[in-house]
Amino acid sequence: MDLTKTVDVFKTYLEKYMALNYAGSLFHWDAATGAPKGGVESRARIMGLLQAEAFVMAISDKMKDFLDALGPELDSLDEITRATYRKCKRDYDSMAKIPPEEFREYAETCALAENCWEDAKERSDYKSFAPWLKKIVEFNKKFIGYRGYTGHPYNTLLDDYEPGMTVEKLDAFFEQIKASVVPLIKKITQSGVTIDDAFLGVPVPKAKQERISALLMDALGYDTNRGMLRESEHPFTTGFGKNDVRMTTHYHESAFLSSLYSVMHEAGHAIYDQNSADAIANTVLDGGVSMGVHESQSRFYENIIGRSRGFWKRFRPELVGILGGEFKNISAEKFYLAANIAKPSLIRIEADELTYPLHIMVRYEIEKAVLSEKDFDADSLPEIWADKYEEYLGVRPRNDAEGILQDVHWSSGLFGYFPSYAVGSALASQFLFFMNKDINAERLVEAGDIGAINGWLKEKIHQHGSVKMPEDLIMEVCGEPLDSKYYTDYLEKKFGAIYGV
Ligand code: ZN
């Protein structure tokens with residue numbers, strides 16, 4: 001077969017592969033947004049089969065033939081085909097060693113575990129979830145055994161979400177953050193400065209919060225013609241290519257900022273995906289380049305745009321127009337300060353921008369430990385979790401729901417994912433620094449011109465999908481690799497000013 005023909009057949013093969021992946025994601029979306037409870041087990045079986053089928057395609061002899069045929073011809077291929085080859089080769093090399101039957105069993109286990117986690121969280125009953133967690137960890141350890149690792153076993157999983165990331169790099173990364181953030185939190189606590197946020201607890205009916213969601217999606221540039229917003233227990237974004245990128249939120253009546261910021265966060269993920277170049281739509285390259293870079297975009301919209309003074313100056317009138325009542329007496333400055341209270345707390349997704357990375361550090365240290373322990377003791381985790389929260393944040397969960405059961409990730413097998421959140425926050429600050437060399441981000445937010453910011457991000461980051469490797473993309477945008485100093489500088493400057501420390 002000549003090269004052009006091989007490339008064509010390869011791309012047709014991948015189209016089917018993506019269709020299977022999309023079908024699996026659609027089941028996942030459906031399960032999280034209101035599918036009937038009674039169907040859990042049959043759906044888990046279907047999801048397991050779909051994922052296993054996609055898995056088989058990624059590691060089949062046919063895939064190997066494609067890779068063998070294209071490998072020696074890379075120089076004569078265009079950039080997109082080269083990147084497609086690279087991505088498939090990475091997946092092939094990492095997964096071909098896992099027996100498909102075990103992978104199917106794993107996918108089915110995760111689908112059931114996620115359902116069990118939901119119930120366990122509702123009842124705050126970790127004991128009922130512990131056997132599932134143990135199973136998932138054992139699967140991951142077995143898979144790492146098949147796949148092999150260099151340095152630390154955790155590195156294999158970290159690399160899945162952030163190519164090139166290692167325990168060594170993350171240890172240094174968190175060390176730097178700890179050195180800056182922990183003393184800063186201490187100074188803030190000792191400053192005696194208190195910020196009034198009582199008004200944030202005033203109940204806001206769901207209908208009003210839905211109007212706020214619509215306002216924000218529009219203002220940020222999320223295209224609802226190619227997406228939709230629904231409700232789920234834990235907010236997330238999923239997609240079936242750039243033309244159908246969906247997101248969810250969760251409305252809390254007495255904490256309207258929770259959904260306001262979760263919508264801004266998920267919109268950051270979704271806009272990234274919607275902005276992929278047409279040339280890579282519905283291919284394996286459609287969507288973000290790594291979890292860390294993806295998270296940098298959600299953090300950018302949530303924190304750098306949403307928690308800025310400019311945002312509240314610009315959007316306060318429209319927001320209080322919807323909120324009504326006593327909110328009409330709250331100034332933009334009061335909203336800005338209340339949205340930026342730095343106070344150690346228990347729930348990661350409700351955490352403020354400053355204490356947030358410490359929540360991730362707790363999870364990072366636990367994952368690192370459980371993946372290297374020979375006999376993993378699932379029963380001891382709530383205690384370990386609580387001790388770490390006490391050590392880094394000075395707070396201790398009173399029950400499992402506000403402790404170890406708060407996140408969905410482990411139930412769906414996402415070990416190695418959490419560090420991307422901290423890497424993403426750091427990258428967001430780094431991108432902001434370089435963006436400000438071209439445009440004035442805060443002034444644009446204050447003018448309500450998010451389009452100019454979207455344009456910058458689209459050109460530099462979004463349009464490329466995963467055509468480039470994350471390190472190369474970061475180098476092209478910043479002229480240097482990930483550096484946490486932009487993050488700690490940003491945090492020190494912002495929170496130092498708010499608290500006068
Ligand atoms: Zn996110």
# chains A, B, ... in the order shown; residues from 1 in each chain; ligands from 1
>>> residues_around(residues="stretch 396-405 of chain A", least_positions_apart="3", cutoff="9 Å", atoms="only C-alpha atoms", output="mmCIF file with all heavy atoms, in the first residue's frame")
data_model
loop_
_atom_site.group_PDB
_atom_site.id
_atom_site.type_symbol
_atom_site.label_atom_id
_atom_site.label_comp_id
_atom_site.auth_asym_id
_atom_site.auth_seq_id
_atom_site.Cartn_x
_atom_site.Cartn_y
_atom_site.Cartn_z
ATOM 1 N N TRP A 117 -19.499 4.990 45.293
ATOM 2 C CA TRP A 117 -18.946 6.188 45.921
ATOM 3 C C TRP A 117 -20.028 7.229 46.161
ATOM 4 O O TRP A 117 -20.090 7.845 47.222
ATOM 5 C CB TRP A 117 -17.828 6.778 45.046
ATOM 6 C CG TRP A 117 -17.493 8.202 45.404
ATOM 7 C CD1 TRP A 117 -16.734 8.630 46.451
ATOM 8 C CD2 TRP A 117 -17.969 9.389 44.743
ATOM 9 N NE1 TRP A 117 -16.696 10.014 46.486
ATOM 10 C CE2 TRP A 117 -17.440 10.503 45.443
ATOM 11 C CE3 TRP A 117 -18.775 9.628 43.627
ATOM 12 C CZ2 TRP A 117 -17.699 11.814 45.060
ATOM 13 C CZ3 TRP A 117 -19.029 10.934 43.248
ATOM 14 C CH2 TRP A 117 -18.497 12.004 43.969
ATOM 15 N N GLU A 118 -20.903 7.409 45.174
ATOM 16 C CA GLU A 118 -21.978 8.390 45.320
ATOM 17 C C GLU A 118 -22.840 8.095 46.551
ATOM 18 O O GLU A 118 -23.130 8.989 47.334
ATOM 19 C CB GLU A 118 -22.858 8.384 44.072
ATOM 20 C CG GLU A 118 -22.695 9.635 43.239
ATOM 21 C CD GLU A 118 -23.626 9.656 42.039
ATOM 22 O OE1 GLU A 118 -24.843 9.539 42.245
ATOM 23 O OE2 GLU A 118 -23.112 9.767 40.909
ATOM 24 N N ALA A 120 -21.986 6.139 49.109
ATOM 25 C CA ALA A 120 -21.150 6.197 50.312
ATOM 26 C C ALA A 120 -20.963 7.640 50.764
ATOM 27 O O ALA A 120 -21.024 7.946 51.954
ATOM 28 C CB ALA A 120 -19.796 5.546 50.044
ATOM 29 N N LYS A 121 -20.775 8.534 49.788
ATOM 30 C CA LYS A 121 -20.586 9.941 50.129
ATOM 31 C C LYS A 121 -21.869 10.496 50.755
ATOM 32 O O LYS A 121 -21.808 11.215 51.747
ATOM 33 C CB LYS A 121 -20.215 10.737 48.878
ATOM 34 C CG LYS A 121 -19.882 12.189 49.174
ATOM 35 C CD LYS A 121 -19.577 12.966 47.912
ATOM 36 C CE LYS A 121 -19.491 14.445 48.216
ATOM 37 N NZ LYS A 121 -19.396 15.254 46.986
ATOM 38 N N GLU A 122 -22.984 10.124 50.181
ATOM 39 C CA GLU A 122 -24.258 10.613 50.701
ATOM 40 C C GLU A 122 -24.460 10.176 52.154
ATOM 41 O O GLU A 122 -24.968 10.935 52.965
ATOM 42 C CB GLU A 122 -25.380 10.065 49.827
ATOM 43 C CG GLU A 122 -26.575 10.989 49.739
ATOM 44 C CD GLU A 122 -27.555 10.480 48.697
ATOM 45 O OE1 GLU A 122 -27.163 10.401 47.513
ATOM 46 O OE2 GLU A 122 -28.689 10.129 49.092
ATOM 47 N N ARG A 123 -24.036 8.956 52.452
ATOM 48 C CA ARG A 123 -24.215 8.445 53.823
ATOM 49 C C ARG A 123 -22.982 8.696 54.690
ATOM 50 O O ARG A 123 -22.942 8.286 55.848
ATOM 51 C CB ARG A 123 -24.494 6.939 53.782
ATOM 52 C CG ARG A 123 -25.777 6.529 53.083
ATOM 53 C CD ARG A 123 -26.131 5.072 53.414
ATOM 54 N NE ARG A 123 -24.961 4.201 53.260
ATOM 55 C CZ ARG A 123 -24.643 3.549 52.141
ATOM 56 N NH1 ARG A 123 -25.402 3.679 51.079
ATOM 57 N NH2 ARG A 123 -23.565 2.781 52.066
ATOM 58 N N SER A 124 -21.963 9.326 54.087
ATOM 59 C CA SER A 124 -20.697 9.574 54.779
ATOM 60 C C SER A 124 -20.125 8.273 55.359
ATOM 61 O O SER A 124 -19.702 8.217 56.511
ATOM 62 C CB SER A 124 -20.899 10.614 55.886
ATOM 63 O OG SER A 124 -19.642 11.033 56.374
ATOM 64 N N ASP A 125 -20.104 7.251 54.522
ATOM 65 C CA ASP A 125 -19.742 5.921 55.002
ATOM 66 C C ASP A 125 -18.586 5.353 54.174
ATOM 67 O O ASP A 125 -18.788 4.633 53.190
ATOM 68 C CB ASP A 125 -20.998 5.023 54.883
ATOM 69 C CG ASP A 125 -20.688 3.564 55.159
ATOM 70 O OD1 ASP A 125 -19.688 3.276 55.837
ATOM 71 O OD2 ASP A 125 -21.457 2.714 54.676
ATOM 72 N N TYR A 126 -17.373 5.697 54.581
ATOM 73 C CA TYR A 126 -16.189 5.256 53.828
ATOM 74 C C TYR A 126 -16.050 3.735 53.809
ATOM 75 O O TYR A 126 -15.608 3.158 52.812
ATOM 76 C CB TYR A 126 -14.926 5.892 54.429
ATOM 77 C CG TYR A 126 -13.646 5.349 53.830
ATOM 78 C CD1 TYR A 126 -13.249 5.725 52.544
ATOM 79 C CD2 TYR A 126 -12.839 4.453 54.529
ATOM 80 C CE1 TYR A 126 -12.078 5.227 51.971
ATOM 81 C CE2 TYR A 126 -11.675 3.951 53.967
ATOM 82 C CZ TYR A 126 -11.300 4.339 52.693
ATOM 83 O OH TYR A 126 -10.150 3.839 52.134
ATOM 84 N N PHE A 129 -17.184 1.902 50.880
ATOM 85 C CA PHE A 129 -16.457 2.193 49.641
ATOM 86 C C PHE A 129 -15.048 1.600 49.647
ATOM 87 O O PHE A 129 -14.478 1.308 48.580
ATOM 88 C CB PHE A 129 -16.402 3.715 49.427
ATOM 89 C CG PHE A 129 -15.600 4.142 48.233
ATOM 90 C CD1 PHE A 129 -16.001 3.781 46.946
ATOM 91 C CD2 PHE A 129 -14.444 4.889 48.393
ATOM 92 C CE1 PHE A 129 -15.250 4.161 45.832
ATOM 93 C CE2 PHE A 129 -13.693 5.272 47.282
ATOM 94 C CZ PHE A 129 -14.097 4.912 46.003
ATOM 95 N N SER A 345 -9.747 25.249 54.783
ATOM 96 C CA SER A 345 -11.052 24.598 54.853
ATOM 97 C C SER A 345 -10.894 23.137 54.452
ATOM 98 O O SER A 345 -9.812 22.680 54.141
ATOM 99 C CB SER A 345 -12.007 25.291 53.892
ATOM 100 O OG SER A 345 -11.532 25.114 52.573
ATOM 101 N N LEU A 346 -12.012 22.416 54.455
ATOM 102 C CA LEU A 346 -11.951 20.958 54.260
ATOM 103 C C LEU A 346 -12.229 20.489 52.838
ATOM 104 O O LEU A 346 -11.758 19.446 52.424
ATOM 105 C CB LEU A 346 -12.957 20.278 55.199
ATOM 106 C CG LEU A 346 -12.587 20.361 56.677
ATOM 107 C CD1 LEU A 346 -13.813 20.070 57.534
ATOM 108 C CD2 LEU A 346 -11.463 19.384 57.001
ATOM 109 N N ILE A 347 -13.039 21.261 52.104
ATOM 110 C CA ILE A 347 -13.497 20.773 50.802
ATOM 111 C C ILE A 347 -12.680 21.400 49.663
ATOM 112 O O ILE A 347 -12.681 22.614 49.478
ATOM 113 C CB ILE A 347 -15.001 21.078 50.603
ATOM 114 C CG1 ILE A 347 -15.824 20.544 51.787
ATOM 115 C CG2 ILE A 347 -15.494 20.496 49.284
ATOM 116 C CD1 ILE A 347 -15.845 19.034 51.925
ATOM 117 N N LEU A 381 -6.861 4.925 55.508
ATOM 118 C CA LEU A 381 -6.786 6.190 54.762
ATOM 119 C C LEU A 381 -7.515 7.389 55.379
ATOM 120 O O LEU A 381 -6.977 8.498 55.360
ATOM 121 C CB LEU A 381 -7.250 5.994 53.318
ATOM 122 C CG LEU A 381 -6.218 5.366 52.369
ATOM 123 C CD1 LEU A 381 -6.684 5.510 50.932
ATOM 124 C CD2 LEU A 381 -4.840 5.993 52.526
ATOM 125 N N PRO A 382 -8.729 7.205 55.916
ATOM 126 C CA PRO A 382 -9.399 8.385 56.484
ATOM 127 C C PRO A 382 -8.563 9.074 57.570
ATOM 128 O O PRO A 382 -8.516 10.302 57.653
ATOM 129 C CB PRO A 382 -10.690 7.803 57.077
ATOM 130 C CG PRO A 382 -10.940 6.567 56.298
ATOM 131 C CD PRO A 382 -9.584 6.006 55.977
ATOM 132 N N TRP A 385 -5.569 10.835 55.928
ATOM 133 C CA TRP A 385 -6.133 12.025 55.285
ATOM 134 C C TRP A 385 -6.328 13.141 56.318
ATOM 135 O O TRP A 385 -5.895 14.283 56.125
ATOM 136 C CB TRP A 385 -7.467 11.652 54.637
ATOM 137 C CG TRP A 385 -8.204 12.776 53.973
ATOM 138 C CD1 TRP A 385 -8.862 13.798 54.589
ATOM 139 C CD2 TRP A 385 -8.352 12.986 52.564
ATOM 140 N NE1 TRP A 385 -9.424 14.635 53.666
ATOM 141 C CE2 TRP A 385 -9.130 14.162 52.411
ATOM 142 C CE3 TRP A 385 -7.929 12.301 51.426
ATOM 143 C CZ2 TRP A 385 -9.477 14.655 51.148
ATOM 144 C CZ3 TRP A 385 -8.280 12.808 50.184
ATOM 145 C CH2 TRP A 385 -9.044 13.966 50.050
ATOM 146 N N ALA A 386 -6.988 12.791 57.416
ATOM 147 C CA ALA A 386 -7.303 13.779 58.453
ATOM 148 C C ALA A 386 -6.027 14.358 59.062
ATOM 149 O O ALA A 386 -5.928 15.572 59.296
ATOM 150 C CB ALA A 386 -8.168 13.137 59.531
ATOM 151 N N ASP A 387 -5.028 13.491 59.284
ATOM 152 C CA ASP A 387 -3.765 13.968 59.863
ATOM 153 C C ASP A 387 -3.078 14.973 58.946
ATOM 154 O O ASP A 387 -2.533 15.983 59.392
ATOM 155 C CB ASP A 387 -2.811 12.785 60.119
ATOM 156 C CG ASP A 387 -3.277 11.926 61.291
ATOM 157 O OD1 ASP A 387 -4.168 12.382 62.047
ATOM 158 O OD2 ASP A 387 -2.751 10.793 61.447
ATOM 159 N N LYS A 388 -3.107 14.692 57.655
ATOM 160 C CA LYS A 388 -2.451 15.600 56.712
ATOM 161 C C LYS A 388 -3.170 16.945 56.637
ATOM 162 O O LYS A 388 -2.551 17.998 56.557
ATOM 163 C CB LYS A 388 -2.359 14.965 55.320
ATOM 164 C CG LYS A 388 -1.318 13.854 55.229
ATOM 165 C CD LYS A 388 -1.040 13.463 53.797
ATOM 166 C CE LYS A 388 -0.091 12.276 53.707
ATOM 167 N NZ LYS A 388 1.276 12.588 54.165
ATOM 168 N N TYR A 389 -4.502 16.896 56.659
ATOM 169 C CA TYR A 389 -5.254 18.151 56.651
ATOM 170 C C TYR A 389 -4.913 18.985 57.876
ATOM 171 O O TYR A 389 -4.776 20.197 57.819
ATOM 172 C CB TYR A 389 -6.768 17.902 56.542
ATOM 173 C CG TYR A 389 -7.246 18.051 55.124
ATOM 174 C CD1 TYR A 389 -7.066 17.017 54.201
ATOM 175 C CD2 TYR A 389 -7.817 19.237 54.675
ATOM 176 C CE1 TYR A 389 -7.457 17.163 52.879
ATOM 177 C CE2 TYR A 389 -8.207 19.385 53.353
ATOM 178 C CZ TYR A 389 -8.028 18.355 52.461
ATOM 179 O OH TYR A 389 -8.408 18.511 51.155
ATOM 180 N N GLU A 390 -4.777 18.288 58.983
ATOM 181 C CA GLU A 390 -4.464 19.001 60.218
ATOM 182 C C GLU A 390 -3.066 19.616 60.119
ATOM 183 O O GLU A 390 -2.847 20.755 60.505
ATOM 184 C CB GLU A 390 -4.568 18.045 61.404
ATOM 185 C CG GLU A 390 -4.592 18.788 62.712
ATOM 186 C CD GLU A 390 -5.347 18.030 63.804
ATOM 187 O OE1 GLU A 390 -5.719 16.857 63.600
ATOM 188 O OE2 GLU A 390 -5.545 18.637 64.856
ATOM 189 N N LEU A 393 -3.192 22.312 56.824
ATOM 190 C CA LEU A 393 -4.237 23.339 56.793
ATOM 191 C C LEU A 393 -4.793 23.673 58.165
ATOM 192 O O LEU A 393 -5.549 24.625 58.320
ATOM 193 C CB LEU A 393 -5.366 22.892 55.860
ATOM 194 C CG LEU A 393 -4.979 22.933 54.366
ATOM 195 C CD1 LEU A 393 -5.624 21.804 53.590
ATOM 196 C CD2 LEU A 393 -5.365 24.268 53.760
ATOM 197 N N VAL A 408 -14.605 12.477 43.401
ATOM 198 C CA VAL A 408 -15.010 11.331 42.581
ATOM 199 C C VAL A 408 -13.805 10.566 42.008
ATOM 200 O O VAL A 408 -13.901 9.392 41.672
ATOM 201 C CB VAL A 408 -15.917 11.819 41.413
ATOM 202 C CG1 VAL A 408 -15.129 12.649 40.412
ATOM 203 C CG2 VAL A 408 -16.579 10.666 40.699
#
>>> residues_near_ligand(ligand="ligand 1", cutoff="9 Å", atoms="only C-alpha atoms and all ligand atoms", output="NGL selection string")
:A and (235-237 or 262 or 265-266 or 268-269 or 291 or 294-299 or 420-421 or 424)
>>> write_last_selection(atoms="N, CA, C and O atoms", output="compact mmCIF listing (two decimals), in the first residue's frame")
# COMPACT_ATOMS: atom_id res chain seq x y z
N PRO A 235 -19.17 18.69 39.47
CA PRO A 235 -19.11 19.33 38.16
C PRO A 235 -18.00 18.77 37.27
O PRO A 235 -16.92 18.45 37.77
N PHE A 236 -18.26 18.63 36.00
CA PHE A 236 -17.24 18.16 35.05
C PHE A 236 -17.58 18.60 33.64
O PHE A 236 -18.68 19.09 33.38
N THR A 237 -16.60 18.44 32.75
CA THR A 237 -16.78 18.76 31.34
C THR A 237 -16.46 17.52 30.54
O THR A 237 -15.51 16.81 30.86
N SER A 262 -17.93 27.30 39.63
CA SER A 262 -17.78 26.01 38.95
C SER A 262 -18.15 26.16 37.47
O SER A 262 -17.52 25.55 36.62
N HIS A 265 -15.15 27.72 35.87
CA HIS A 265 -14.10 26.71 35.78
C HIS A 265 -14.35 25.76 34.59
O HIS A 265 -13.48 25.59 33.72
N GLU A 266 -15.54 25.18 34.57
CA GLU A 266 -15.84 24.22 33.50
C GLU A 266 -15.87 24.90 32.14
O GLU A 266 -15.49 24.30 31.13
N GLY A 268 -13.91 27.18 31.22
CA GLY A 268 -12.51 27.25 30.79
C GLY A 268 -12.09 25.97 30.08
O GLY A 268 -11.48 26.00 29.01
N HIS A 269 -12.47 24.84 30.65
CA HIS A 269 -12.19 23.56 29.99
C HIS A 269 -12.90 23.49 28.64
O HIS A 269 -12.34 23.07 27.63
N MET A 291 -3.62 17.13 30.94
CA MET A 291 -4.54 17.52 32.01
C MET A 291 -4.07 18.82 32.68
O MET A 291 -4.89 19.64 33.07
N HIS A 294 -4.88 21.65 30.44
CA HIS A 294 -6.34 21.80 30.47
C HIS A 294 -6.77 22.54 31.73
O HIS A 294 -7.58 23.46 31.71
N GLU A 295 -6.21 22.10 32.84
CA GLU A 295 -6.55 22.70 34.12
C GLU A 295 -6.08 24.16 34.19
O GLU A 295 -6.69 24.99 34.87
N SER A 296 -5.01 24.48 33.47
CA SER A 296 -4.55 25.88 33.47
C SER A 296 -5.63 26.78 32.86
O SER A 296 -5.79 27.92 33.27
N GLN A 297 -6.37 26.23 31.89
CA GLN A 297 -7.40 27.05 31.25
C GLN A 297 -8.62 27.20 32.17
O GLN A 297 -9.18 28.29 32.29
N SER A 298 -9.02 26.12 32.84
CA SER A 298 -10.16 26.24 33.75
C SER A 298 -9.83 27.19 34.90
O SER A 298 -10.65 28.00 35.31
N ARG A 299 -8.59 27.10 35.40
CA ARG A 299 -8.16 28.00 36.49
C ARG A 299 -8.09 29.44 36.00
O ARG A 299 -8.32 30.38 36.75
N SER A 420 -2.30 17.43 38.41
CA SER A 420 -2.57 18.34 37.27
C SER A 420 -3.27 19.61 37.72
O SER A 420 -3.11 20.66 37.10
N TYR A 421 -4.07 19.52 38.78
CA TYR A 421 -4.78 20.72 39.26
C TYR A 421 -3.79 21.77 39.74
O TYR A 421 -3.95 22.97 39.48
N GLY A 424 -1.77 22.98 36.84
CA GLY A 424 -2.62 23.87 36.06
C GLY A 424 -2.71 25.26 36.66
O GLY A 424 -2.61 26.26 35.95
>>> closest_residue(among="A:His152, A:Arg45, A:His234, A:Arg316", to="A:Leu170", atoms="only C-alpha atoms")
A:His152
>>> residues_around(residues="A:Leu70", least_positions_apart="3", cutoff="12 Å", atoms="only C-alpha atoms", output="tab-separated table (two decimals) with N, CA, C and O atoms, in the first residue's frame")
chain	number	residue	atom	x	y	z
A	1	MET	N	0.85	-1.20	0.00
A	1	MET	CA	0.00	0.00	0.00
A	1	MET	C	0.89	1.25	0.00
A	1	MET	O	1.88	1.29	0.73
A	2	ASP	N	0.55	2.24	-0.83
A	2	ASP	CA	1.40	3.45	-0.77
A	2	ASP	C	1.06	4.29	0.48
A	2	ASP	O	0.04	4.05	1.14
A	3	LEU	N	1.93	5.22	0.75
A	3	LEU	CA	1.85	5.95	2.01
A	3	LEU	C	0.53	6.71	2.19
A	3	LEU	O	-0.09	6.66	3.25
A	4	THR	N	0.10	7.39	1.12
A	4	THR	CA	-1.14	8.18	1.21
A	4	THR	C	-2.32	7.26	1.54
A	4	THR	O	-3.17	7.60	2.38
A	5	LYS	N	-2.33	6.12	0.90
A	5	LYS	CA	-3.42	5.16	1.13
A	5	LYS	C	-3.37	4.66	2.59
A	5	LYS	O	-4.39	4.60	3.28
A	6	THR	N	-2.17	4.34	3.07
A	6	THR	CA	-2.01	3.87	4.46
A	6	THR	C	-2.54	4.92	5.44
A	6	THR	O	-3.25	4.61	6.39
A	7	VAL	N	-2.16	6.19	5.18
A	7	VAL	CA	-2.61	7.27	6.08
A	7	VAL	C	-4.13	7.36	6.07
A	7	VAL	O	-4.76	7.49	7.13
A	8	ASP	N	-4.73	7.24	4.89
A	8	ASP	CA	-6.20	7.30	4.80
A	8	ASP	C	-6.86	6.17	5.59
A	8	ASP	O	-7.81	6.41	6.34
A	9	VAL	N	-6.36	4.97	5.39
A	9	VAL	CA	-6.96	3.81	6.09
A	9	VAL	C	-6.76	3.95	7.60
A	9	VAL	O	-7.65	3.66	8.39
A	10	PHE	N	-5.59	4.45	8.00
A	10	PHE	CA	-5.28	4.71	9.40
A	10	PHE	C	-6.28	5.69	10.00
A	10	PHE	O	-6.84	5.48	11.08
A	63	MET	N	-3.24	-1.86	14.58
A	63	MET	CA	-2.60	-0.62	15.04
A	63	MET	C	-1.08	-0.75	14.93
A	63	MET	O	-0.40	0.17	14.47
A	64	LYS	N	-0.58	-1.89	15.33
A	64	LYS	CA	0.87	-2.10	15.26
A	64	LYS	C	1.35	-2.00	13.81
A	64	LYS	O	2.39	-1.38	13.53
A	65	ASP	N	0.57	-2.58	12.88
A	65	ASP	CA	0.94	-2.51	11.46
A	65	ASP	C	0.99	-1.06	10.98
A	65	ASP	O	1.91	-0.66	10.27
A	66	PHE	N	-0.02	-0.28	11.38
A	66	PHE	CA	-0.04	1.14	10.99
A	66	PHE	C	1.21	1.84	11.53
A	66	PHE	O	1.90	2.57	10.81
A	67	LEU	N	1.48	1.61	12.81
A	67	LEU	CA	2.62	2.30	13.44
A	67	LEU	C	3.93	1.88	12.79
A	67	LEU	O	4.81	2.71	12.54
A	73	GLU	N	8.45	6.74	8.05
A	73	GLU	CA	8.12	7.77	7.05
A	73	GLU	C	7.78	9.12	7.69
A	73	GLU	O	7.27	10.00	7.01
A	74	LEU	N	8.04	9.26	8.97
A	74	LEU	CA	7.57	10.45	9.69
A	74	LEU	C	7.96	11.76	9.02
A	74	LEU	O	7.16	12.69	8.96
A	75	ASP	N	9.18	11.83	8.50
A	75	ASP	CA	9.66	13.08	7.91
A	75	ASP	C	8.83	13.51	6.69
A	75	ASP	O	8.77	14.70	6.38
A	76	SER	N	8.22	12.54	6.03
A	76	SER	CA	7.46	12.93	4.84
A	76	SER	C	5.98	13.15	5.15
A	76	SER	O	5.19	13.41	4.26
A	77	LEU	N	5.60	13.04	6.43
A	77	LEU	CA	4.20	13.25	6.80
A	77	LEU	C	3.97	14.70	7.25
A	77	LEU	O	4.89	15.37	7.72
A	78	ASP	N	2.72	15.16	7.14
A	78	ASP	CA	2.42	16.51	7.63
A	78	ASP	C	2.36	16.52	9.16
A	78	ASP	O	2.31	15.45	9.78
A	81	THR	N	-0.53	14.50	10.91
A	81	THR	CA	-0.38	13.04	10.84
A	81	THR	C	0.75	12.58	11.75
A	81	THR	O	0.65	11.55	12.42
A	82	ARG	N	1.81	13.36	11.78
A	82	ARG	CA	2.94	13.03	12.67
A	82	ARG	C	2.48	13.01	14.13
A	82	ARG	O	2.81	12.11	14.90
A	83	ALA	N	1.71	14.02	14.49
A	83	ALA	CA	1.23	14.11	15.89
A	83	ALA	C	0.26	12.96	16.18
A	83	ALA	O	0.24	12.42	17.29
A	84	THR	N	-0.56	12.59	15.19
A	84	THR	CA	-1.49	11.48	15.36
A	84	THR	C	-0.70	10.19	15.61
A	84	THR	O	-1.02	9.42	16.53
A	85	TYR	N	0.34	10.00	14.81
A	85	TYR	CA	1.20	8.83	14.98
A	85	TYR	C	1.78	8.82	16.40
A	85	TYR	O	1.73	7.82	17.11
A	86	ARG	N	2.32	9.96	16.81
A	86	ARG	CA	2.99	10.04	18.11
A	86	ARG	C	2.02	9.69	19.25
A	86	ARG	O	2.35	8.96	20.17
A	88	CYS	N	-0.83	7.91	19.09
A	88	CYS	CA	-1.21	6.49	19.05
A	88	CYS	C	-0.06	5.61	19.51
A	88	CYS	O	-0.28	4.60	20.18
A	89	LYS	N	1.16	6.00	19.17
A	89	LYS	CA	2.32	5.20	19.56
A	89	LYS	C	2.49	5.22	21.07
A	89	LYS	O	2.78	4.21	21.71
>>> closest_residue(among="A:Tyr154, A:Phe240, A:Leu20, A:Lys187", to="A:Gly496", atoms="only C-alpha atoms")
A:Lys187
>>> closest_residue(among="A:Phe199, A:Ser254, A:Cys110, A:Ser290", to="A:Lys468", atoms="only C-alpha atoms")
A:Ser290
>>> closest_residue(among="A:Ile439, A:Val423, A:Leu200, A:Met217", to="A:Leu323", atoms="only C-alpha atoms")
A:Leu200
>>> closest_residue(among="A:Leu285, A:Ile188, A:Leu414, A:Ala198", to="A:Ile330", atoms="only C-alpha atoms")
A:Ala198
>>> atom_distance(atom1="atom CA of A:Arg314", atom2="atom CA of A:Gly227")
25.3 Å
>>> residues_around(residues="A:Ser94", least_positions_apart="5", cutoff="9 Å", atoms="only C-alpha atoms", output="ChimeraX atom specification")
/A:89,147-148,156,160
>>> residues_around(residues="A:Leu220", least_positions_apart="3", cutoff="12 Å", atoms="only C-alpha atoms", output="PyMOL selection string")
chain A and resi 213-217+223-224+263-272+298+300-302+305-306+311+315+444-445+448-455
>>> residues_around(residues="A:Val320", least_positions_apart="4", cutoff="10 Å", atoms="only C-alpha atoms", output="list in words")
Ile212, Phe315, Arg316, Gly324, Gly325, Glu326, Phe327, Lys328, Asn329, Ile330, Ser331 and Ala332 of chain A
>>> residues_around(residues="A:Pro100", least_positions_apart="4", cutoff="7 Å", atoms="only C-alpha atoms", output="PyMOL selection string")
chain A and resi 52+56+104
>>> write_last_selection(atoms="C-alpha atoms", output="mmCIF file, in the first residue's frame")
data_model
loop_
_atom_site.group_PDB
_atom_site.id
_atom_site.type_symbol
_atom_site.label_atom_id
_atom_site.label_comp_id
_atom_site.auth_asym_id
_atom_site.auth_seq_id
_atom_site.Cartn_x
_atom_site.Cartn_y
_atom_site.Cartn_z
ATOM 1 C CA ALA A 52 -12.651 -2.586 26.150
ATOM 2 C CA VAL A 56 -8.468 -3.432 21.827
ATOM 3 C CA ARG A 104 -12.435 -4.652 30.624
#
>>> atom_distance(atom1="atom CA of A:Pro99", atom2="atom CA of A:Val167")
26.7 Å
>>> select_by_dssp(residues="stretch 251-443 of chain A", states="alpha helix (DSSP H)", output="ChimeraX atom specification")
/A:256-274,291-299,309-323,332-338,356-372,381-393,419-435,441-443
>>> select_by_dssp(residues="stretch 198-327 of chain A", states="strand (DSSP E or B)", output="ChimeraX atom specification")
/A:229-231,237-239,245-249
